[in-house]
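Below: one structure, written as structure tokens.
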Amino acid sequence: MIFHPSILALLGSSWLATAVLLASAVFAMRLLASWDRASGSERQIRLERATILVSTAVGLVLALEAASLILFVFNADRMSALFVGAMCAVGTLNASVYGFATLYAKIAVFFASALWLVLDRVDGEGRDFPLIRLKYAALLAVAPIVALEAGLETAYFLDLKADTITSCCGKLFEDGPQSSGAGGELAALEPRPALWLLFGGAAVVVLGGLVAGRSRVFQIAQGVFGGAMFVVGLAAIVSVVSLYVYEQPHHHCPFCLLKREYDHFGFALYLPLFLGAAAALASGMLGVVPRRASLAVAQPAIAARLARLSALGFALFALACLWVIWRSNLLLFG
Amino acid sequence: MGARFERQRHLLDFAVASLARRPAKNLGLTLVYALVVFLLGSVMLFGSAIRREAGVMLADAPEIVAQSMVMGRHDLATGADLEALKGLRGIRRVEPRLWGYLWDSAGAANYTVMVPSPSDAAHALASGEAIVGEGVARARKLAVGKPFFLVSPAGKFLRTRIKAILPQASALVSSDLVLVAEADFRSFFAIPADRYTDFAIEVANPREVSTIAEKASVRLPTYRFVTRADMHRTLEALFSWREGLALALLAASLLAFVILAFDKASGLSAEERREIGILKAIGWETSDVIRMKLWEGTAISGTAFLAGLLAAWVHVFFFSAGLFEPVLKGWSTLWPRFPLSPEVDALEIATLALLTVVPYTAAVVVPIWKTAVTDPDAVMR
């Protein structure tokens, strides 16, 4: 099944990202061992020049990884036509043990990439490479995740066989007594508390993002609450928002939302949710990172901007949820 | 935000002006780039269009086809088995079908000879009449009202008159089709009265198709039950595989292009070096030069991608992908001529971009950086 255009494109981009990240990790080790800002030696100048290349290349491949997350899910949905029992992306991901593991790895790569790119951007604001060591130490942490993701993705696509009988989303995200696993538990969450959590949480992070400003404590809090809101948002999509989209009281699948039948509505939910969560986490990270003299102005300003961006993302997410509940013909209460 | 946007806009302005100063070099690269996008894009657009066409064709296929099997080979189905299937709960209708293949030495092609369904009033035939597909009519130069002769492998002769020629819209399935009356079919192929090629099963609830197929296979264990979903999956997998294989073969041209792009980006003329030296001397930072060069790459990528995609679209939907048709469709004397419905979806465009823009960008990043970090005095001296 590997000779499928989208699979070739996904594998190509994943392995390109891995090659770039691994080469950058080798450079990162060299830099961490011998970086000396005060030195004017040939080696130091070479290192400083190479950091520009690494930042550019890593920035490009990490942006590519974000795009490949969307393509991966979209492609999984399309490929569901190839497997017995598959109705949407869930069936395709379930067709191999590596399917969901790859998806989780891709999500982890997305957030790790977003945080690293913010770190890189902030570092670029200072004249004296203020966060260079932290940035490259972080790169050493990101590189194995990207490599793991490429490995899992390759194993997944190699493992896909056309005659596999897989289970559809109705099995994984059912709310009956026989439900099992995280999907079933999320689906079994009562709609009323799920809605309270969703809109209560959204109110907290939207307000938090707007008032965070330059306060480190608020920025860190925004990071923590934003991360929690991401989980709450996903749980709410499975347990209640999906019901309003499908207008069926028992269909909880978070992937069918991406289908054409539902006007690709899932993108209106997931894009702002991921954006809001990534911006909140980045704001929190900048709150935690010690402030250097050369970044005294830029770092808090960027963190505040990110907090506001996270507020915007979560607000759009909450509005999309509200809109679908208002527009739906399904009545869960009253 | 405004200032940053303005900055990028000016960098883009500068990049476009810089490209225009070296038209020959950049135009050559853009053309080769567009050609690569065109090749890969044609394969992808054609592959997906033919998959869509197959999907449309299968929409009218029976939900389940039951075939009798003997020693792992297809055998004729019997009237007794037809009755056994009819009694099964959940089955709305079982239609026995009569069809077979015939090698026609006159047309040098294989025909599918079939008896139209009794419920299909539009194609009802009296003995001595025939309806043929567009490919058969083309191969044998037939027209309505003309006589049409078939010779069976046993040497039996069937003389018919053409009642109609099937429209091109359904050509993918009907190009090689010859429809004849049941009595003609049976006497031509010497098929006894209660024997059929297979059964087409219609199920009352489409959600129960796989359950019904399972139940039916318990009742008739010597039969093979093929569902419409099975057929769809097989066609989808087959065409995707062919498309992917063609793309993998085209990877060589992609690699050649990447090497060309790398070479072009590395080999800066003395004038270009001077230009970068001056920019840095008047205060541009290395990152500005990189951004400007990346904008140049984006402009080239954007132009080449759009041009290549447009050319591929025209090639596939207006010229039926003449260059790749035999590879992707398979081959047959009577391959149908059918217009593909022009549709392009976001997944295809994204995949094509990943397959072309990403390798180009990867090829030019290092040369761009090398150019940008050069000391101004070193290049201007």
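Ligands are numbered from 1 in the order shown, residues from 1 within each chain, and chains are lettered A, B, ... in the order they appear in the structure tokens.
The interface of chain A with chain B at 8 Å, considering only C-alpha atoms, consists of Met1, Ile2, Phe3, His4, Pro5, Ser6, Leu8, Ala9, Leu10, Gly12, Ser13, Arg49, Ile52, Leu53, Thr56, Ala57, Leu71, Phe74, Asn75, Ala81, Leu82, Phe83, Val84 and Ala162 of chain A.
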Range 41-87 of chain B: residues DSSP assigns to strand (DSSP E), reported as a list in words: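 So, restricting range 41-87 of chain B to strand (DSSP E), we get Ile64, Val65, Ala66, Gln67, Ser68, Met69, Val70, Arg73, His74, Asp75, Ala77 and Thr78 of chain B.
Minimum atom-to-atom distance to Thr222 in chain B, evaluated using only C-alpha atoms, belongs to B:His74 out of B:Ala61, B:His74, B:Phe14, B:Ser127.
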B:His123, B:Phe46, B:His10, B:Tyr196 ranked by distance to Phe318 in chain B, top pick (using only C-alpha atoms):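 So, comparing all the options, the nearest one is B:Phe46.
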Mind checking DSSP for range 136-348 of chain B and telling me the helix (DSSP H, G or I) residues as a ChimeraX atom specification? /B:136-140,168-174,182-189,206-219,228-266,270-281,286-319,325-329,346-348
Please provide as a list of chain:residue names all residues within 8 Å of Ile162 in chain B, with the sequence filter that same-chain residues fewer than 3 positions apart are discarded (counting only C-alpha atoms).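 Using only C-alpha atoms, the neighbours found are B:Glu129, B:Ala130, B:Ile131, B:Val132, B:Leu142, B:Ala143, B:Val144, B:Gly145, B:Lys146, B:Pro147, B:Phe148, B:Ile165.
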Restrict the selected residues to all heavy atoms and save them as a PDB file, in the first residue's frame.
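Heads up, here's the output in out24.pdb:
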ATOM      1  N   GLU B 129     -31.933  -9.384 -32.279  1.00  0.00           N
ATOM      2  CA  GLU B 129     -31.522  -7.981 -32.122  1.00  0.00           C
ATOM      3  C   GLU B 129     -30.294  -7.908 -31.221  1.00  0.00           C
ATOM      4  O   GLU B 129     -30.081  -8.794 -30.389  1.00  0.00           O
ATOM      5  CB  GLU B 129     -32.646  -7.168 -31.472  1.00  0.00           C
ATOM      6  CG  GLU B 129     -33.792  -6.872 -32.414  1.00  0.00           C
ATOM      7  CD  GLU B 129     -34.903  -6.084 -31.721  1.00  0.00           C
ATOM      8  OE1 GLU B 129     -34.993  -6.137 -30.465  1.00  0.00           O
ATOM      9  OE2 GLU B 129     -35.683  -5.450 -32.432  1.00  0.00           O
ATOM     10  N   ALA B 130     -29.530  -6.836 -31.360  1.00  0.00           N
ATOM     11  CA  ALA B 130     -28.378  -6.635 -30.475  1.00  0.00           C
ATOM     12  C   ALA B 130     -28.164  -5.154 -30.212  1.00  0.00           C
ATOM     13  O   ALA B 130     -28.508  -4.304 -31.043  1.00  0.00           O
ATOM     14  CB  ALA B 130     -27.115  -7.226 -31.098  1.00  0.00           C
ATOM     15  N   ILE B 131     -27.651  -4.882 -29.017  1.00  0.00           N
ATOM     16  CA  ILE B 131     -27.233  -3.510 -28.689  1.00  0.00           C
ATOM     17  C   ILE B 131     -25.743  -3.604 -28.394  1.00  0.00           C
ATOM     18  O   ILE B 131     -25.318  -4.504 -27.654  1.00  0.00           O
ATOM     19  CB  ILE B 131     -27.995  -2.975 -27.452  1.00  0.00           C
ATOM     20  CG1 ILE B 131     -29.492  -2.879 -27.764  1.00  0.00           C
ATOM     21  CG2 ILE B 131     -27.457  -1.625 -27.024  1.00  0.00           C
ATOM     22  CD1 ILE B 131     -30.341  -2.438 -26.587  1.00  0.00           C
ATOM     23  N   VAL B 132     -24.944  -2.713 -28.950  1.00  0.00           N
ATOM     24  CA  VAL B 132     -23.493  -2.828 -28.722  1.00  0.00           C
ATOM     25  C   VAL B 132     -22.935  -1.564 -28.079  1.00  0.00           C
ATOM     26  O   VAL B 132     -23.512  -0.479 -28.187  1.00  0.00           O
ATOM     27  CB  VAL B 132     -22.722  -3.114 -30.032  1.00  0.00           C
ATOM     28  CG1 VAL B 132     -23.079  -4.474 -30.584  1.00  0.00           C
ATOM     29  CG2 VAL B 132     -22.967  -2.025 -31.056  1.00  0.00           C
ATOM     30  N   LEU B 142     -19.955  -0.278 -36.924  1.00  0.00           N
ATOM     31  CA  LEU B 142     -21.380  -0.608 -36.917  1.00  0.00           C
ATOM     32  C   LEU B 142     -22.232   0.658 -36.810  1.00  0.00           C
ATOM     33  O   LEU B 142     -21.779   1.674 -36.298  1.00  0.00           O
ATOM     34  CB  LEU B 142     -21.698  -1.516 -35.732  1.00  0.00           C
ATOM     35  CG  LEU B 142     -21.029  -2.877 -35.750  1.00  0.00           C
ATOM     36  CD1 LEU B 142     -21.278  -3.604 -34.444  1.00  0.00           C
ATOM     37  CD2 LEU B 142     -21.545  -3.711 -36.916  1.00  0.00           C
ATOM     38  N   ALA B 143     -23.451   0.549 -37.270  1.00  0.00           N
ATOM     39  CA  ALA B 143     -24.433   1.628 -37.094  1.00  0.00           C
ATOM     40  C   ALA B 143     -25.781   0.974 -36.845  1.00  0.00           C
ATOM     41  O   ALA B 143     -25.968  -0.222 -37.127  1.00  0.00           O
ATOM     42  CB  ALA B 143     -24.479   2.488 -38.340  1.00  0.00           C
ATOM     43  N   VAL B 144     -26.731   1.737 -36.315  1.00  0.00           N
ATOM     44  CA  VAL B 144     -28.054   1.184 -36.007  1.00  0.00           C
ATOM     45  C   VAL B 144     -28.695   0.673 -37.300  1.00  0.00           C
ATOM     46  O   VAL B 144     -28.661   1.345 -38.334  1.00  0.00           O
ATOM     47  CB  VAL B 144     -28.931   2.274 -35.353  1.00  0.00           C
ATOM     48  CG1 VAL B 144     -30.348   1.758 -35.120  1.00  0.00           C
ATOM     49  CG2 VAL B 144     -28.319   2.723 -34.037  1.00  0.00           C
ATOM     50  N   GLY B 145     -29.245  -0.546 -37.175  1.00  0.00           N
ATOM     51  CA  GLY B 145     -29.923  -1.121 -38.338  1.00  0.00           C
ATOM     52  C   GLY B 145     -29.028  -2.043 -39.155  1.00  0.00           C
ATOM     53  O   GLY B 145     -29.518  -2.833 -39.975  1.00  0.00           O
ATOM     54  N   LYS B 146     -27.716  -1.935 -38.933  1.00  0.00           N
ATOM     55  CA  LYS B 146     -26.791  -2.773 -39.719  1.00  0.00           C
ATOM     56  C   LYS B 146     -26.733  -4.189 -39.145  1.00  0.00           C
ATOM     57  O   LYS B 146     -26.936  -4.379 -37.948  1.00  0.00           O
ATOM     58  CB  LYS B 146     -25.389  -2.166 -39.676  1.00  0.00           C
ATOM     59  CG  LYS B 146     -25.213  -0.987 -40.617  1.00  0.00           C
ATOM     60  CD  LYS B 146     -23.761  -0.765 -40.894  1.00  0.00           C
ATOM     61  CE  LYS B 146     -23.564   0.117 -42.101  1.00  0.00           C
ATOM     62  NZ  LYS B 146     -22.156   0.315 -42.396  1.00  0.00           N
ATOM     63  N   PRO B 147     -26.423  -5.180 -39.964  1.00  0.00           N
ATOM     64  CA  PRO B 147     -26.297  -6.542 -39.422  1.00  0.00           C
ATOM     65  C   PRO B 147     -24.970  -6.719 -38.672  1.00  0.00           C
ATOM     66  O   PRO B 147     -23.986  -6.027 -38.979  1.00  0.00           O
ATOM     67  CB  PRO B 147     -26.320  -7.421 -40.681  1.00  0.00           C
ATOM     68  CG  PRO B 147     -25.905  -6.528 -41.790  1.00  0.00           C
ATOM     69  CD  PRO B 147     -26.283  -5.136 -41.438  1.00  0.00           C
ATOM     70  N   PHE B 148     -24.998  -7.590 -37.695  1.00  0.00           N
ATOM     71  CA  PHE B 148     -23.812  -7.814 -36.855  1.00  0.00           C
ATOM     72  C   PHE B 148     -23.702  -9.314 -36.619  1.00  0.00           C
ATOM     73  O   PHE B 148     -24.640  -9.958 -36.156  1.00  0.00           O
ATOM     74  CB  PHE B 148     -24.004  -7.041 -35.543  1.00  0.00           C
ATOM     75  CG  PHE B 148     -22.927  -7.271 -34.522  1.00  0.00           C
ATOM     76  CD1 PHE B 148     -21.576  -7.222 -34.870  1.00  0.00           C
ATOM     77  CD2 PHE B 148     -23.260  -7.510 -33.181  1.00  0.00           C
ATOM     78  CE1 PHE B 148     -20.599  -7.413 -33.922  1.00  0.00           C
ATOM     79  CE2 PHE B 148     -22.276  -7.700 -32.234  1.00  0.00           C
ATOM     80  CZ  PHE B 148     -20.952  -7.652 -32.602  1.00  0.00           C
ATOM     81  N   ILE B 165     -26.846   1.703 -30.177  1.00  0.00           N
ATOM     82  CA  ILE B 165     -25.453   1.741 -29.703  1.00  0.00           C
ATOM     83  C   ILE B 165     -25.455   2.483 -28.377  1.00  0.00           C
ATOM     84  O   ILE B 165     -26.080   3.548 -28.252  1.00  0.00           O
ATOM     85  CB  ILE B 165     -24.543   2.431 -30.744  1.00  0.00           C
ATOM     86  CG1 ILE B 165     -24.452   1.530 -31.983  1.00  0.00           C
ATOM     87  CG2 ILE B 165     -23.141   2.681 -30.175  1.00  0.00           C
ATOM     88  CD1 ILE B 165     -23.821   2.168 -33.177  1.00  0.00           C
TER      89      ILE B 165
END
Fewer than 2 positions away in the same chain doesn't count, so skip those; otherwise give me all residues within 7 Å of range 132-139 of chain A, counting only C-alpha atoms, as a compact mmCIF listing (two decimals) with C-alpha atoms, in the first residue's frame.
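Wrote it out as part37.txt, contents follow:
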# COMPACT_ATOMS: atom_id res chain seq x y z
CA ALA A 25 20.99 17.73 16.40
CA ALA A 28 23.43 21.30 18.33
CA LEU A 32 26.52 23.19 23.15
CA LEU A 119 11.88 30.00 21.03
CA ASP A 120 13.81 30.55 17.82
CA ASP A 123 16.09 34.31 20.32
CA PHE A 129 21.97 35.00 20.95
CA PRO A 130 20.40 35.07 24.42
CA ALA A 141 14.69 16.94 22.54
CA VAL A 142 12.61 17.63 19.42
CA ALA A 143 14.79 15.61 17.01
Write out as a ChimeraX atom specification each polymer residue whose atoms come within 10 Å of range 216-222 of chain A, counting only C-alpha atoms; drop sequence neighbours fewer than 2 positions from it. /A:204-214,224-229,277,279-289,300,303-304,306-308,310-311
Can you spit out the residues from that selection as a PDB file, in the first residue's frame, using C-alpha atoms?
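Result file follows (out06.pdb):
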ATOM      1  CA  VAL A 204     -11.248  31.131  31.541  1.00  0.00           C
ATOM      2  CA  VAL A 205      -8.661  30.832  28.768  1.00  0.00           C
ATOM      3  CA  VAL A 206     -10.133  33.602  26.626  1.00  0.00           C
ATOM      4  CA  LEU A 207     -10.187  35.999  29.597  1.00  0.00           C
ATOM      5  CA  GLY A 208      -6.791  34.708  30.763  1.00  0.00           C
ATOM      6  CA  GLY A 209      -5.286  35.338  27.347  1.00  0.00           C
ATOM      7  CA  LEU A 210      -6.643  38.851  27.223  1.00  0.00           C
ATOM      8  CA  VAL A 211      -5.484  39.865  30.713  1.00  0.00           C
ATOM      9  CA  ALA A 212      -2.192  37.938  30.763  1.00  0.00           C
ATOM     10  CA  GLY A 213      -0.257  40.924  29.419  1.00  0.00           C
ATOM     11  CA  ARG A 214       3.343  41.035  30.532  1.00  0.00           C
ATOM     12  CA  VAL A 224      -1.275  25.482  31.998  1.00  0.00           C
ATOM     13  CA  PHE A 225      -4.950  26.308  31.410  1.00  0.00           C
ATOM     14  CA  GLY A 226      -4.467  26.353  27.636  1.00  0.00           C
ATOM     15  CA  GLY A 227      -2.991  22.839  27.745  1.00  0.00           C
ATOM     16  CA  ALA A 228      -5.878  21.673  29.928  1.00  0.00           C
ATOM     17  CA  MET A 229      -8.369  23.387  27.631  1.00  0.00           C
ATOM     18  CA  ALA A 277      -3.408  25.502  22.578  1.00  0.00           C
ATOM     19  CA  ALA A 279      -0.098  29.740  21.423  1.00  0.00           C
ATOM     20  CA  ALA A 280      -1.085  29.266  25.092  1.00  0.00           C
ATOM     21  CA  LEU A 281       1.665  26.700  25.664  1.00  0.00           C
ATOM     22  CA  ALA A 282       4.197  28.963  23.933  1.00  0.00           C
ATOM     23  CA  SER A 283       3.115  31.914  26.066  1.00  0.00           C
ATOM     24  CA  GLY A 284       3.490  29.767  29.187  1.00  0.00           C
ATOM     25  CA  MET A 285       6.908  28.603  28.021  1.00  0.00           C
ATOM     26  CA  LEU A 286       8.077  32.202  27.568  1.00  0.00           C
ATOM     27  CA  GLY A 287       6.794  32.911  31.074  1.00  0.00           C
ATOM     28  CA  VAL A 288       8.998  30.134  32.417  1.00  0.00           C
ATOM     29  CA  VAL A 289      12.121  30.924  30.360  1.00  0.00           C
ATOM     30  CA  PRO A 300       7.264  39.715  27.524  1.00  0.00           C
ATOM     31  CA  ALA A 303       4.471  36.223  25.296  1.00  0.00           C
ATOM     32  CA  ALA A 304       1.614  38.705  25.694  1.00  0.00           C
ATOM     33  CA  LEU A 306       0.861  34.786  22.082  1.00  0.00           C
ATOM     34  CA  ALA A 307      -1.523  34.854  25.030  1.00  0.00           C
ATOM     35  CA  ARG A 308      -3.854  37.121  23.050  1.00  0.00           C
ATOM     36  CA  SER A 310      -4.460  31.848  22.238  1.00  0.00           C
ATOM     37  CA  ALA A 311      -7.508  33.788  23.455  1.00  0.00           C
TER      38      ALA A 311
END
